[in-house]
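Next comes my_file-v7.csv, with CSV, C-alpha atoms.
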```
chain,number,residue,atom,x,y,z
A,24,MET,CA,-41.2,-30.0,-22.8
A,25,ASN,CA,-39.1,-28.7,-25.7
A,26,ILE,CA,-36.5,-27.4,-23.3
A,27,LEU,CA,-36.4,-30.7,-21.5
A,28,MET,CA,-36.0,-32.5,-24.8
A,29,ILE,CA,-33.2,-30.2,-25.9
A,30,ALA,CA,-31.5,-30.6,-22.6
A,31,LEU,CA,-31.7,-34.4,-22.8
A,32,VAL,CA,-30.5,-34.4,-26.4
A,33,ILE,CA,-27.5,-32.2,-25.5
A,34,GLY,CA,-26.8,-34.3,-22.5
A,35,CYS,CA,-26.7,-37.4,-24.7
A,36,THR,CA,-24.7,-35.9,-27.5
A,37,THR,CA,-22.0,-34.3,-25.3
A,38,LYS,CA,-19.3,-36.8,-24.3
A,39,GLY,CA,-18.9,-37.2,-20.5
A,40,MET,CA,-16.5,-34.6,-19.3
A,41,PRO,CA,-13.2,-36.3,-19.0
A,42,GLY,CA,-11.1,-36.1,-15.9
A,43,SER,CA,-10.2,-32.5,-15.2
A,44,GLU,CA,-6.7,-31.0,-15.4
A,45,ARG,CA,-6.7,-30.8,-11.7
A,46,SER,CA,-7.2,-34.5,-11.2
A,47,LEU,CA,-4.4,-35.1,-13.7
A,48,GLN,CA,-2.1,-32.8,-11.8
A,49,ASP,CA,-2.8,-34.8,-8.8
A,50,GLY,CA,-1.2,-37.8,-10.5
A,51,SER,CA,2.1,-36.4,-9.6
A,52,SER,CA,1.3,-35.2,-6.1
A,53,THR,CA,-0.5,-37.2,-3.5
A,54,GLY,CA,-1.0,-36.8,0.1
A,55,GLY,CA,-3.1,-34.1,1.6
A,56,ASN,CA,-0.3,-32.6,3.8
A,57,GLY,CA,1.9,-31.9,0.7
A,58,LEU,CA,4.8,-34.0,2.0
A,59,ILE,CA,4.3,-36.8,-0.4
A,60,ARG,CA,4.9,-36.8,-4.1
A,61,ALA,CA,4.7,-39.7,-6.5
A,62,ARG,CA,5.5,-40.3,-10.1
A,63,THR,CA,5.3,-43.4,-12.4
A,64,ALA,CA,7.5,-44.1,-15.4
A,65,ASN,CA,8.8,-47.3,-17.0
A,66,GLY,CA,6.5,-49.4,-14.7
A,67,ILE,CA,8.2,-48.0,-11.6
A,68,ARG,CA,6.3,-46.0,-9.1
A,69,THR,CA,8.5,-43.6,-7.1
A,70,THR,CA,7.0,-42.1,-4.0
A,71,VAL,CA,9.0,-39.4,-2.2
A,72,ARG,CA,8.1,-38.4,1.4
A,73,LEU,CA,9.6,-35.4,3.0
A,74,GLN,CA,10.2,-36.4,6.6
A,75,PRO,CA,9.5,-33.7,9.2
A,76,PRO,CA,12.5,-33.3,11.5
A,77,GLU,CA,10.4,-33.9,14.6
A,78,ALA,CA,9.7,-37.4,13.5
A,79,GLN,CA,13.4,-38.2,13.5
A,80,GLN,CA,14.3,-36.8,16.8
A,81,GLY,CA,12.8,-39.6,18.8
A,82,ALA,CA,14.6,-42.2,16.7
A,83,GLN,CA,17.9,-40.4,17.1
A,84,ALA,CA,17.5,-40.0,20.8
A,85,ASN,CA,17.4,-43.8,21.1
A,86,GLU,CA,20.6,-44.3,19.2
A,87,SER,CA,23.8,-44.9,21.1
A,88,ASN,CA,25.2,-41.5,21.8
A,89,ALA,CA,28.7,-41.8,20.3
A,90,ASP,CA,29.8,-38.3,21.1
A,91,SER,CA,33.3,-38.6,19.9
A,92,LEU,CA,33.4,-37.1,16.5
A,93,ALA,CA,36.4,-37.1,14.2
A,94,ASN,CA,38.4,-33.9,14.1
A,95,GLY,CA,36.7,-31.3,12.0
A,96,ALA,CA,33.4,-33.2,11.7
A,97,ARG,CA,30.3,-31.3,12.4
A,98,ARG,CA,27.3,-33.0,14.0
A,99,THR,CA,23.9,-31.9,12.6
A,100,SER,CA,20.7,-32.1,14.5
A,101,PRO,CA,17.5,-33.2,12.7
A,102,GLY,CA,16.5,-29.5,12.5
A,103,ASP,CA,19.6,-28.8,10.4
A,104,GLN,CA,19.0,-31.5,7.8
A,105,LEU,CA,16.4,-32.6,5.4
A,106,THR,CA,15.4,-36.2,5.2
A,107,PHE,CA,13.5,-37.8,2.3
A,108,VAL,CA,12.2,-41.3,2.1
A,109,ILE,CA,12.0,-42.7,-1.4
A,110,ASN,CA,9.8,-45.7,-2.0
A,111,LEU,CA,10.5,-47.6,-5.1
A,112,ALA,CA,7.9,-50.1,-6.3
A,113,THR,CA,6.7,-51.8,-9.4
A,114,ASP,CA,3.3,-50.3,-10.6
A,115,GLY,CA,1.7,-53.7,-10.8
A,116,GLU,CA,0.4,-53.0,-14.3
A,117,HIS,CA,3.5,-52.7,-16.6
A,118,ARG,CA,5.8,-54.3,-14.1
A,119,LYS,CA,5.1,-56.8,-11.3
A,120,GLY,CA,7.1,-58.3,-8.4
A,121,ASP,CA,10.2,-57.2,-6.7
A,122,VAL,CA,11.5,-53.8,-7.7
A,123,MET,CA,15.1,-55.1,-7.4
A,124,HIS,CA,14.3,-57.5,-10.3
A,125,ALA,CA,12.8,-54.8,-12.6
A,126,GLY,CA,14.5,-54.8,-16.0
A,127,VAL,CA,16.9,-57.5,-14.8
A,128,ARG,CA,17.8,-60.2,-17.4
A,129,ASP,CA,20.4,-62.3,-15.6
A,130,VAL,CA,22.5,-62.6,-12.4
A,131,ALA,CA,25.1,-60.1,-13.6
A,132,ASP,CA,22.3,-57.6,-14.2
A,133,LEU,CA,20.9,-58.3,-10.7
A,134,ILE,CA,24.2,-57.8,-9.0
A,135,GLU,CA,24.8,-54.5,-10.9
A,136,GLN,CA,21.3,-53.3,-10.1
A,137,ALA,CA,21.7,-54.2,-6.4
A,138,TYR,CA,25.0,-52.5,-6.3
A,139,LEU,CA,23.8,-49.3,-8.0
A,140,LEU,CA,20.6,-49.1,-6.0
A,141,ASN,CA,22.6,-49.4,-2.8
A,142,PHE,CA,25.6,-47.2,-3.5
A,143,SER,CA,24.9,-44.7,-6.3
A,144,TRP,CA,22.4,-42.3,-4.7
A,145,GLU,CA,24.9,-39.6,-4.2
A,146,GLU,CA,25.3,-39.4,-7.9
A,147,GLU,CA,21.7,-39.7,-8.9
A,148,VAL,CA,19.9,-37.4,-6.5
A,149,VAL,CA,20.2,-33.6,-6.2
A,150,LEU,CA,18.2,-31.4,-3.8
A,151,ARG,CA,17.7,-27.9,-5.1
A,152,CYS,CA,16.9,-25.2,-2.6
A,153,GLY,CA,16.6,-21.9,-4.4
A,154,ASP,CA,19.8,-21.5,-6.4
A,155,ASN,CA,21.8,-24.0,-4.4
A,156,SER,CA,22.1,-27.7,-5.1
A,157,TYR,CA,23.0,-30.4,-2.5
A,158,ARG,CA,23.9,-34.0,-2.7
A,159,PRO,CA,22.9,-36.4,0.0
A,160,VAL,CA,25.3,-36.9,2.8
A,161,LEU,CA,23.8,-40.1,3.8
A,162,SER,CA,21.8,-42.7,1.9
A,163,THR,CA,20.6,-46.2,2.8
A,164,LEU,CA,18.5,-48.7,0.9
A,165,GLU,CA,16.5,-50.9,3.3
A,166,ASN,CA,17.4,-54.6,3.0
A,167,THR,CA,14.1,-56.5,2.8
A,168,TYR,CA,15.0,-59.1,0.3
A,169,GLY,CA,12.1,-61.6,-0.1
A,170,LEU,CA,9.9,-59.8,2.4
A,171,THR,CA,8.5,-56.9,0.4
A,172,PRO,CA,8.4,-56.2,-3.3
A,173,ASP,CA,9.2,-52.5,-2.8
A,174,ARG,CA,12.2,-50.7,-1.2
A,175,ASN,CA,12.6,-47.6,0.9
A,176,VAL,CA,15.6,-45.4,0.4
A,177,VAL,CA,16.4,-42.9,3.1
A,178,LEU,CA,18.3,-39.8,1.9
A,179,VAL,CA,19.7,-37.2,4.3
A,180,PHE,CA,20.8,-33.8,3.1
A,181,ALA,CA,22.8,-31.3,5.1
A,182,PRO,CA,24.6,-28.1,4.0
A,183,ASP,CA,28.4,-28.0,4.0
A,184,ARG,CA,28.5,-24.8,6.0
A,185,GLU,CA,26.5,-23.6,9.0
A,186,ASN,CA,23.7,-21.0,8.6
A,187,ASP,CA,23.1,-21.8,4.9
A,188,THR,CA,20.1,-19.6,4.3
A,189,ALA,CA,19.2,-21.2,1.0
A,190,PHE,CA,19.1,-24.7,2.6
A,191,HIS,CA,17.2,-23.6,5.7
A,192,SER,CA,14.7,-21.0,4.3
A,193,SER,CA,14.2,-21.5,0.6
A,194,PRO,CA,10.4,-21.8,0.1
A,195,ASN,CA,10.7,-24.4,-2.6
A,196,LEU,CA,12.5,-27.7,-2.4
A,197,ASP,CA,13.0,-29.7,-5.6
A,198,LEU,CA,14.3,-33.2,-5.2
A,199,ILE,CA,15.7,-34.3,-8.6
A,200,LEU,CA,16.0,-38.0,-9.1
A,201,ASN,CA,17.8,-39.3,-12.2
A,202,CYS,CA,17.7,-43.1,-11.7
A,203,GLY,CA,19.4,-44.4,-14.8
A,204,GLN,CA,19.3,-48.0,-13.4
A,205,LEU,CA,15.5,-48.2,-13.3
A,206,GLY,CA,15.1,-46.1,-16.5
A,207,THR,CA,12.7,-43.6,-14.9
A,208,GLY,CA,14.5,-40.6,-16.3
A,209,ILE,CA,15.0,-37.2,-14.6
A,210,GLN,CA,12.1,-36.8,-12.2
A,211,HIS,CA,11.3,-33.7,-10.2
A,212,PHE,CA,9.6,-34.0,-6.8
A,213,LYS,CA,8.7,-30.5,-5.7
A,214,PHE,CA,7.8,-29.6,-2.1
A,215,ASN,CA,6.7,-26.4,-0.4
A,216,ARG,CA,8.5,-25.6,2.8
A,217,THR,CA,5.2,-24.3,4.2
A,218,SER,CA,4.0,-27.9,4.1
A,219,LEU,CA,7.0,-29.0,6.2
A,220,LEU,CA,6.5,-26.2,8.7
A,221,ASN,CA,2.8,-27.0,9.0
A,222,ALA,CA,3.6,-30.6,9.7
A,223,ILE,CA,6.1,-29.6,12.4
A,224,GLU,CA,3.4,-27.4,14.0
A,225,THR,CA,0.9,-30.2,13.9
A,226,THR,CA,3.2,-32.7,15.6
A,227,ARG,CA,4.0,-30.2,18.4
B,29,MET,CA,-51.9,-31.1,-28.8
B,30,LYS,CA,-51.8,-34.8,-28.0
B,31,THR,CA,-50.3,-35.6,-31.4
B,32,THR,CA,-47.5,-33.1,-30.9
B,33,ALA,CA,-46.7,-34.6,-27.5
B,34,TYR,CA,-46.5,-38.1,-29.1
B,35,ILE,CA,-44.2,-36.9,-31.8
B,36,LEU,CA,-42.0,-35.1,-29.4
B,37,ALA,CA,-41.9,-38.2,-27.1
B,38,SER,CA,-41.0,-40.4,-30.0
B,39,LEU,CA,-38.3,-38.0,-31.2
B,40,LEU,CA,-36.9,-37.9,-27.7
B,41,THR,CA,-36.8,-41.7,-27.4
B,42,LEU,CA,-35.2,-42.1,-30.8
B,43,SER,CA,-32.6,-39.5,-30.0
B,44,ILE,CA,-31.7,-41.1,-26.6
B,45,CYS,CA,-31.5,-44.5,-28.3
B,46,TYR,CA,-29.3,-43.2,-31.1
B,47,ASN,CA,-26.9,-41.4,-28.8
B,48,LEU,CA,-26.7,-44.4,-26.4
B,49,TRP,CA,-25.9,-46.6,-29.3
B,50,ARG,CA,-23.3,-44.1,-30.6
B,51,GLU,CA,-21.7,-43.8,-27.1
B,52,VAL,CA,-21.4,-47.6,-26.8
B,53,ASN,CA,-20.1,-48.2,-30.2
B,54,SER,CA,-17.8,-45.3,-30.7
B,55,THR,CA,-14.1,-45.4,-30.1
B,56,ARG,CA,-12.6,-42.2,-28.9
B,57,LEU,CA,-9.5,-41.7,-30.9
B,58,ALA,CA,-6.8,-39.0,-31.1
B,59,TYR,CA,-3.2,-38.7,-32.2
B,60,VAL,CA,-0.1,-36.8,-31.1
B,61,ARG,CA,2.8,-35.7,-33.3
B,62,SER,CA,5.5,-37.8,-31.5
B,63,ASN,CA,8.5,-35.6,-32.5
B,64,ASP,CA,6.8,-32.4,-31.5
B,65,LEU,CA,5.7,-33.9,-28.2
B,66,ILE,CA,9.1,-35.3,-27.3
B,67,TYR,CA,11.2,-32.3,-28.5
B,68,GLY,CA,8.8,-29.8,-26.9
B,69,TYR,CA,8.9,-31.7,-23.6
B,70,PHE,CA,10.9,-29.8,-20.9
B,71,GLY,CA,12.2,-33.2,-19.6
B,72,MET,CA,13.8,-33.8,-23.0
B,73,LYS,CA,15.4,-30.3,-22.9
B,74,GLU,CA,16.7,-31.1,-19.4
B,75,ALA,CA,18.0,-34.5,-20.6
B,76,MET,CA,19.8,-32.8,-23.5
B,77,GLU,CA,21.5,-30.3,-21.1
B,78,ASN,CA,22.6,-33.2,-19.0
B,79,TYR,CA,23.9,-35.0,-22.0
B,80,ALA,CA,25.9,-32.0,-23.1
B,81,LEU,CA,27.4,-31.7,-19.6
B,82,SER,CA,28.4,-35.4,-19.5
B,83,GLN,CA,29.8,-35.1,-23.0
B,84,LYS,CA,32.0,-32.2,-21.7
B,85,LYS,CA,33.0,-34.3,-18.6
B,86,PHE,CA,34.0,-37.3,-20.7
B,87,THR,CA,35.9,-35.3,-23.2
B,88,ALA,CA,37.7,-33.0,-20.7
B,89,ASN,CA,40.6,-35.5,-20.2
B,90,ILE,CA,41.0,-35.9,-24.0
B,91,ASP,CA,41.4,-32.1,-24.4
B,92,THR,CA,44.0,-32.0,-21.7
B,93,LEU,CA,46.0,-34.9,-23.3
B,94,SER,CA,45.7,-33.4,-26.7
B,95,SER,CA,47.3,-30.2,-25.5
B,96,THR,CA,50.1,-32.2,-23.9
B,97,LEU,CA,50.6,-34.1,-27.1
B,98,GLU,CA,50.8,-30.9,-29.2
B,99,ALA,CA,53.4,-29.5,-26.7
B,100,THR,CA,55.5,-32.7,-27.1
B,101,ILE,CA,55.3,-32.5,-30.9
B,102,LYS,CA,56.4,-28.9,-30.8
B,103,GLN,CA,59.3,-29.8,-28.5
B,104,ALA,CA,60.4,-32.6,-30.8
B,105,ARG,CA,60.3,-30.3,-33.9
B,106,LYS,CA,62.8,-27.9,-32.2
B,107,LEU,CA,65.4,-30.7,-31.8
B,108,ASP,CA,68.2,-31.2,-34.3
B,109,ILE,CA,67.9,-34.6,-36.0
B,110,GLU,CA,71.6,-35.2,-36.2
B,111,LYS,CA,72.8,-33.8,-32.9
B,112,GLN,CA,70.0,-34.8,-30.6
B,113,ARG,CA,69.1,-38.2,-32.0
B,114,GLU,CA,68.7,-39.9,-28.6
B,115,GLU,CA,66.4,-37.2,-27.2
B,116,LEU,CA,64.4,-37.3,-30.4
B,117,LEU,CA,63.9,-41.0,-30.2
B,118,ALA,CA,62.7,-40.7,-26.6
B,119,LEU,CA,60.2,-38.0,-27.5
B,120,GLU,CA,59.0,-40.2,-30.4
B,121,ARG,CA,58.2,-42.9,-27.9
B,122,THR,CA,56.4,-40.4,-25.7
B,123,ILE,CA,54.4,-39.1,-28.6
B,124,LYS,CA,53.3,-42.6,-29.6
B,125,GLN,CA,52.3,-43.4,-26.0
B,126,GLN,CA,50.3,-40.1,-25.7
B,127,GLN,CA,48.6,-40.8,-29.1
B,128,TYR,CA,47.7,-44.3,-27.9
B,129,ASP,CA,46.3,-42.9,-24.6
B,130,ILE,CA,44.2,-40.3,-26.5
B,131,ASP,CA,42.8,-43.0,-28.8
B,132,ARG,CA,41.9,-45.2,-25.9
B,133,LEU,CA,40.3,-42.4,-24.0
B,134,ARG,CA,38.3,-41.3,-27.1
B,135,ALA,CA,37.0,-44.8,-27.6
B,136,ASP,CA,36.0,-45.1,-23.9
B,137,ALA,CA,34.4,-41.6,-24.0
B,138,THR,CA,32.4,-42.5,-27.1
B,139,GLN,CA,31.1,-45.6,-25.5
B,140,ALA,CA,30.2,-43.8,-22.3
B,141,ILE,CA,28.6,-40.9,-24.1
B,142,THR,CA,26.5,-43.3,-26.2
B,143,ALA,CA,25.4,-45.2,-23.0
B,144,GLU,CA,24.5,-41.9,-21.3
B,145,GLU,CA,22.5,-40.8,-24.3
B,146,GLN,CA,20.6,-44.1,-24.4
B,147,LYS,CA,20.0,-43.9,-20.7
B,148,LEU,CA,18.6,-40.3,-20.9
B,149,LEU,CA,16.5,-41.0,-24.0
B,150,LYS,CA,15.1,-44.2,-22.4
B,151,GLY,CA,14.0,-42.2,-19.3
B,152,VAL,CA,12.4,-39.4,-21.4
B,153,LEU,CA,10.4,-41.9,-23.5
B,154,ALA,CA,9.3,-43.8,-20.4
B,155,GLN,CA,8.0,-40.6,-18.9
B,156,VAL,CA,6.2,-39.5,-22.0
B,157,ASN,CA,4.7,-42.9,-22.5
B,158,ALA,CA,3.5,-43.1,-18.9
B,159,PHE,CA,2.0,-39.6,-19.1
B,160,VAL,CA,0.2,-40.2,-22.4
B,161,GLU,CA,-1.3,-43.3,-21.0
B,162,ARG,CA,-2.5,-41.5,-17.9
B,163,TYR,CA,-3.8,-38.6,-20.0
B,164,ALA,CA,-5.7,-40.9,-22.3
B,165,LYS,CA,-7.3,-42.6,-19.3
B,166,GLU,CA,-8.2,-39.3,-17.6
B,167,HIS,CA,-9.6,-37.9,-20.8
B,168,ALA,CA,-11.5,-41.0,-21.8
B,169,TYR,CA,-9.5,-41.7,-25.0
B,170,ASP,CA,-9.5,-45.3,-26.1
B,171,VAL,CA,-6.7,-44.9,-28.6
B,172,VAL,CA,-3.9,-42.3,-28.9
B,173,LEU,CA,-1.8,-42.8,-31.9
B,174,GLY,CA,1.8,-41.4,-32.2
B,175,THR,CA,2.6,-40.1,-35.6
B,176,THR,CA,6.1,-40.1,-37.0
B,177,ASP,CA,7.8,-38.6,-40.1
B,178,ALA,CA,8.1,-42.2,-41.4
B,179,GLY,CA,4.3,-42.1,-42.0
B,180,SER,CA,2.7,-44.2,-39.4
B,181,LEU,CA,-0.4,-42.2,-39.9
B,182,MET,CA,-1.2,-41.0,-43.4
B,183,TYR,CA,-3.9,-38.6,-42.5
B,184,GLY,CA,-5.7,-37.3,-39.4
B,185,GLY,CA,-8.1,-34.4,-39.0
B,186,SER,CA,-6.8,-31.5,-36.9
B,187,GLU,CA,-9.7,-32.0,-34.5
B,188,LEU,CA,-8.1,-35.4,-33.6
B,189,ASP,CA,-4.7,-33.8,-33.0
B,190,ILE,CA,-4.2,-33.4,-29.2
B,191,THR,CA,-0.4,-32.7,-29.3
B,192,GLN,CA,-0.5,-29.2,-27.9
B,193,GLU,CA,-2.8,-30.0,-25.0
B,194,VAL,CA,-0.9,-33.1,-24.1
B,195,LEU,CA,2.4,-31.2,-24.3
B,196,THR,CA,1.1,-28.4,-22.1
B,197,ALA,CA,-0.2,-30.9,-19.5
B,198,LEU,CA,3.1,-32.9,-19.7
B,199,ASN,CA,5.2,-29.9,-19.1
B,200,GLU,CA,3.1,-28.7,-16.2
B,201,ASP,CA,3.4,-32.2,-14.7
B,202,HIS,CA,7.2,-32.2,-15.2
B,203,GLU,CA,7.4,-28.8,-13.6
B,204,GLY,CA,5.5,-30.3,-10.7
B,205,LEU,CA,3.2,-27.3,-10.5
B,206,VAL,CA,1.6,-27.6,-7.0
B,207,LYS,CA,-1.8,-26.0,-7.1
```

Let me see the structure of the file written as structure tokens.
Amino acid sequence: MNILMIALVIGCTTKGMPGSERSLQDGSSTGGNGLIRARTANGIRTTVRLQPPEAQQGAQANESNADSLANGARRTSPGDQLTFVINLATDGEHRKGDVMHAGVRDVADLIEQAYLLNFSWEEEVVLRCGDNSYRPVLSTLENTYGLTPDRNVVLVFAPDRENDTAFHSSPNLDLILNCGQLGTGIQHFKFNRTSLLNAIETTR
Amino acid sequence: MKTTAYILASLLTLSICYNLWREVNSTRLAYVRSNDLIYGYFGMKEAMENYALSQKKFTANIDTLSSTLEATIKQARKLDIEKQREELLALERTIKQQQYDIDRLRADATQAITAEEQKLLKGVLAQVNAFVERYAKEHAYDVVLGTTDAGSLMYGGSELDITQEVLTALNEDHEGLVK
């Protein structure tokens, strides 16, 4: 009886165990396959998905096959490049509505924001593979004005030279996003290459 | 025996009621030392490094132009005022133009550096604020105060100071430690 009482008293006096460190860590990494990472700052939720190359091959096969490449240009296959899809959305709590309007005060701001979010990704994103850093060779912001409040940005990275071992075999991939326009600061989205390889295996 | 049981049962009931009342009415409060949190944050250190780099980038042209200006002045000093008057006047015009270019570049650089600093600081503060909010929710804090040197909090017991644990979790989050 006394033991029961003591247990009950202790149970009542001890505050409920708050969320564990583990669950907090998960705030910056979602998705069971390790290919999705998310962060929130300044009312903007940024979700980054590392796209397995296999998923792109089908899409590329359907594209018109413009074989004529400019002199000196090098065609890369999906296996040679890394593709990330960044989803930008308001968090619904601190900011609501269309992400393109986030922090915008007037038309001039909106024009500047639209311009920067369309054309400045090469300056604001770096992919770090081991000791090497890479800027995107291709970036595109989807145009869904008025249809969805969020936007997807596709970023493609490819090394300048062939057989770049850091790019192709570095175990850790760190996508560093410094989006000054949305005021989210320097954010790291870290991926493990094993997750990518696992995803490729699964899709085969 | 029966009496003891009654006393124990009453004590138990009282204790449960008291703790339930306390749980409902208590506000879980903590504070963080804002400066220590922000300056100990890896994201802030990274932002400072970026700031130093951009400062270097913006002032690189000024350094080059300053060297050119110094060279022009040296060249002008070597000339004879009486015999090479025309050349001297031409160099004077060049020096004025170079000085004007440097002043203009310096003003532009100052403006750009200030904008860059504000952009970086804004990002860091947004990240820290978002994290503290998430941390408070995860750890069931109702209020987390941020103290400053200006004295926003006059006194707080050290048991309420969660700066170190928030900083550790914040840095782990920034590093994106995948477990």

ask   = Of the candidates B:Glu120, B:Glu161, B:Asp64, B:Glu114, which shows the shortest atom-to-atom distance to chain A, using only C-alpha atoms?
value =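 Checking each of B:Glu120, B:Glu161, B:Asp64, B:Glu114 against chain A, counting only C-alpha atoms, the winner is B:Glu161.
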
Compute the chain B side of the contact with chain A at 6 Å, counting all atoms listed in the file, and hand it back as a PDB file with C-alpha atoms, in the frame of the given file.
```
ATOM      1  CA  ASN B  47     -26.900 -41.400 -28.800  1.00  0.00           C
ATOM      2  CA  LYS B 147      20.000 -43.900 -20.700  1.00  0.00           C
ATOM      3  CA  GLY B 151      14.000 -42.200 -19.300  1.00  0.00           C
ATOM      4  CA  VAL B 152      12.400 -39.400 -21.400  1.00  0.00           C
ATOM      5  CA  ALA B 154       9.300 -43.800 -20.400  1.00  0.00           C
ATOM      6  CA  GLN B 155       8.000 -40.600 -18.900  1.00  0.00           C
ATOM      7  CA  ALA B 158       3.500 -43.100 -18.900  1.00  0.00           C
ATOM      8  CA  GLU B 166      -8.200 -39.300 -17.600  1.00  0.00           C
ATOM      9  CA  HIS B 167      -9.600 -37.900 -20.800  1.00  0.00           C
ATOM     10  CA  ALA B 168     -11.500 -41.000 -21.800  1.00  0.00           C
ATOM     11  CA  GLY B 204       5.500 -30.300 -10.700  1.00  0.00           C
TER      12      GLY B 204
END
```

task = Work out how far apart atom CA of B:Tyr69 and atom CA of A:Thr70 are and give it in Å to one decimal.
result =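 One can read the atom CA of B:Tyr69 to atom CA of A:Thr70 distance as 22.3 Å.
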
message = Tell me which residues come within 9 Å of (7.1, -41.6, -0.8), as a ChimeraX atom specification, counting only C-alpha atoms in the file's coordinates.
response = /A:58-61,69-73,107-111,175

task = Between B:Ala197, B:Ala88, B:Ile190, B:Met76, single out the one closest to B:Ala137, counting only C-alpha atoms.
result =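 Ranking B:Ala197, B:Ala88, B:Ile190, B:Met76 by distance to B:Ala137, first place goes to B:Ala88.
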
Computed interatomic separation between atom CA of B:Glu77 and atom CA of B:Thr92 (Å) =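 Computing it gives 22.6 Å between the two atoms.
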
key: Residue neighbourhood stretch 188-196 of chain A, 8 Å, all atoms listed in the file, exclusion window fewer than 5 positions, as a list in words   =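 Those residues are Asp103, Leu150, Arg151, Cys152, Gly153, Asp154, Asn155, Ala181, Pro182, Lys213, Phe214, Asn215, Arg216 and Thr217 of chain A.
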
ask   = Which is closest to B:Gln192 among B:Val160, B:Leu65, B:Leu42, B:Leu117, if we use only C-alpha atoms?
value =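 Between B:Val160, B:Leu65, B:Leu42, B:Leu117, the residue approaching B:Gln192 most closely is B:Leu65.
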
inquiry  = Please report the interatomic distance between atom CA of B:Arg162 and atom CA of B:Asp201 in Å with one decimal.
reply    =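 Computing it gives 11.5 Å between the two atoms.
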
ask   = Using all atoms listed in the file, which of the listed residues (A:Asp187, A:Glu135, A:Glu145, A:Glu224) sits closest to A:Gln104?
value =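 Distance minimum relative to A:Gln104 lands on A:Asp187.
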
ask   = Between B:Ile101, B:Ala135, B:Ile35, B:Val60, which is the closest to B:Ala164 once you count all atoms listed in the file?
value =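 Of the candidates, the smallest distance to B:Ala164 is held by B:Val60.
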
message = Could you check which residues have any atom within 10 Å of (-12.6, -42.3, -30.4), counting all atoms listed in the file with coordinates taken straight from the file, and then list them as a list in words?
response =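 Answer for this query, in the requested form: Glu51, Asn53, Ser54, Thr55, Arg56, Leu57, Ala58, Ala168, Tyr169, Asp170, Val171, Val172 and Leu188 of chain B.
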
ask   = Pick from B:Thr191, B:Thr196, B:Asn157, B:Ser95: nearest to B:Ile123, with only C-alpha atoms counted?
value =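 Nearest candidate to B:Ile123 out of B:Thr191, B:Thr196, B:Asn157, B:Ser95: B:Ser95.
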
Selection: 9 Å around A:Val149, all atoms listed in the file, excl. self and same-chain fewer than 5 positions, as number ranges by chain = A: 156-159, 197-201
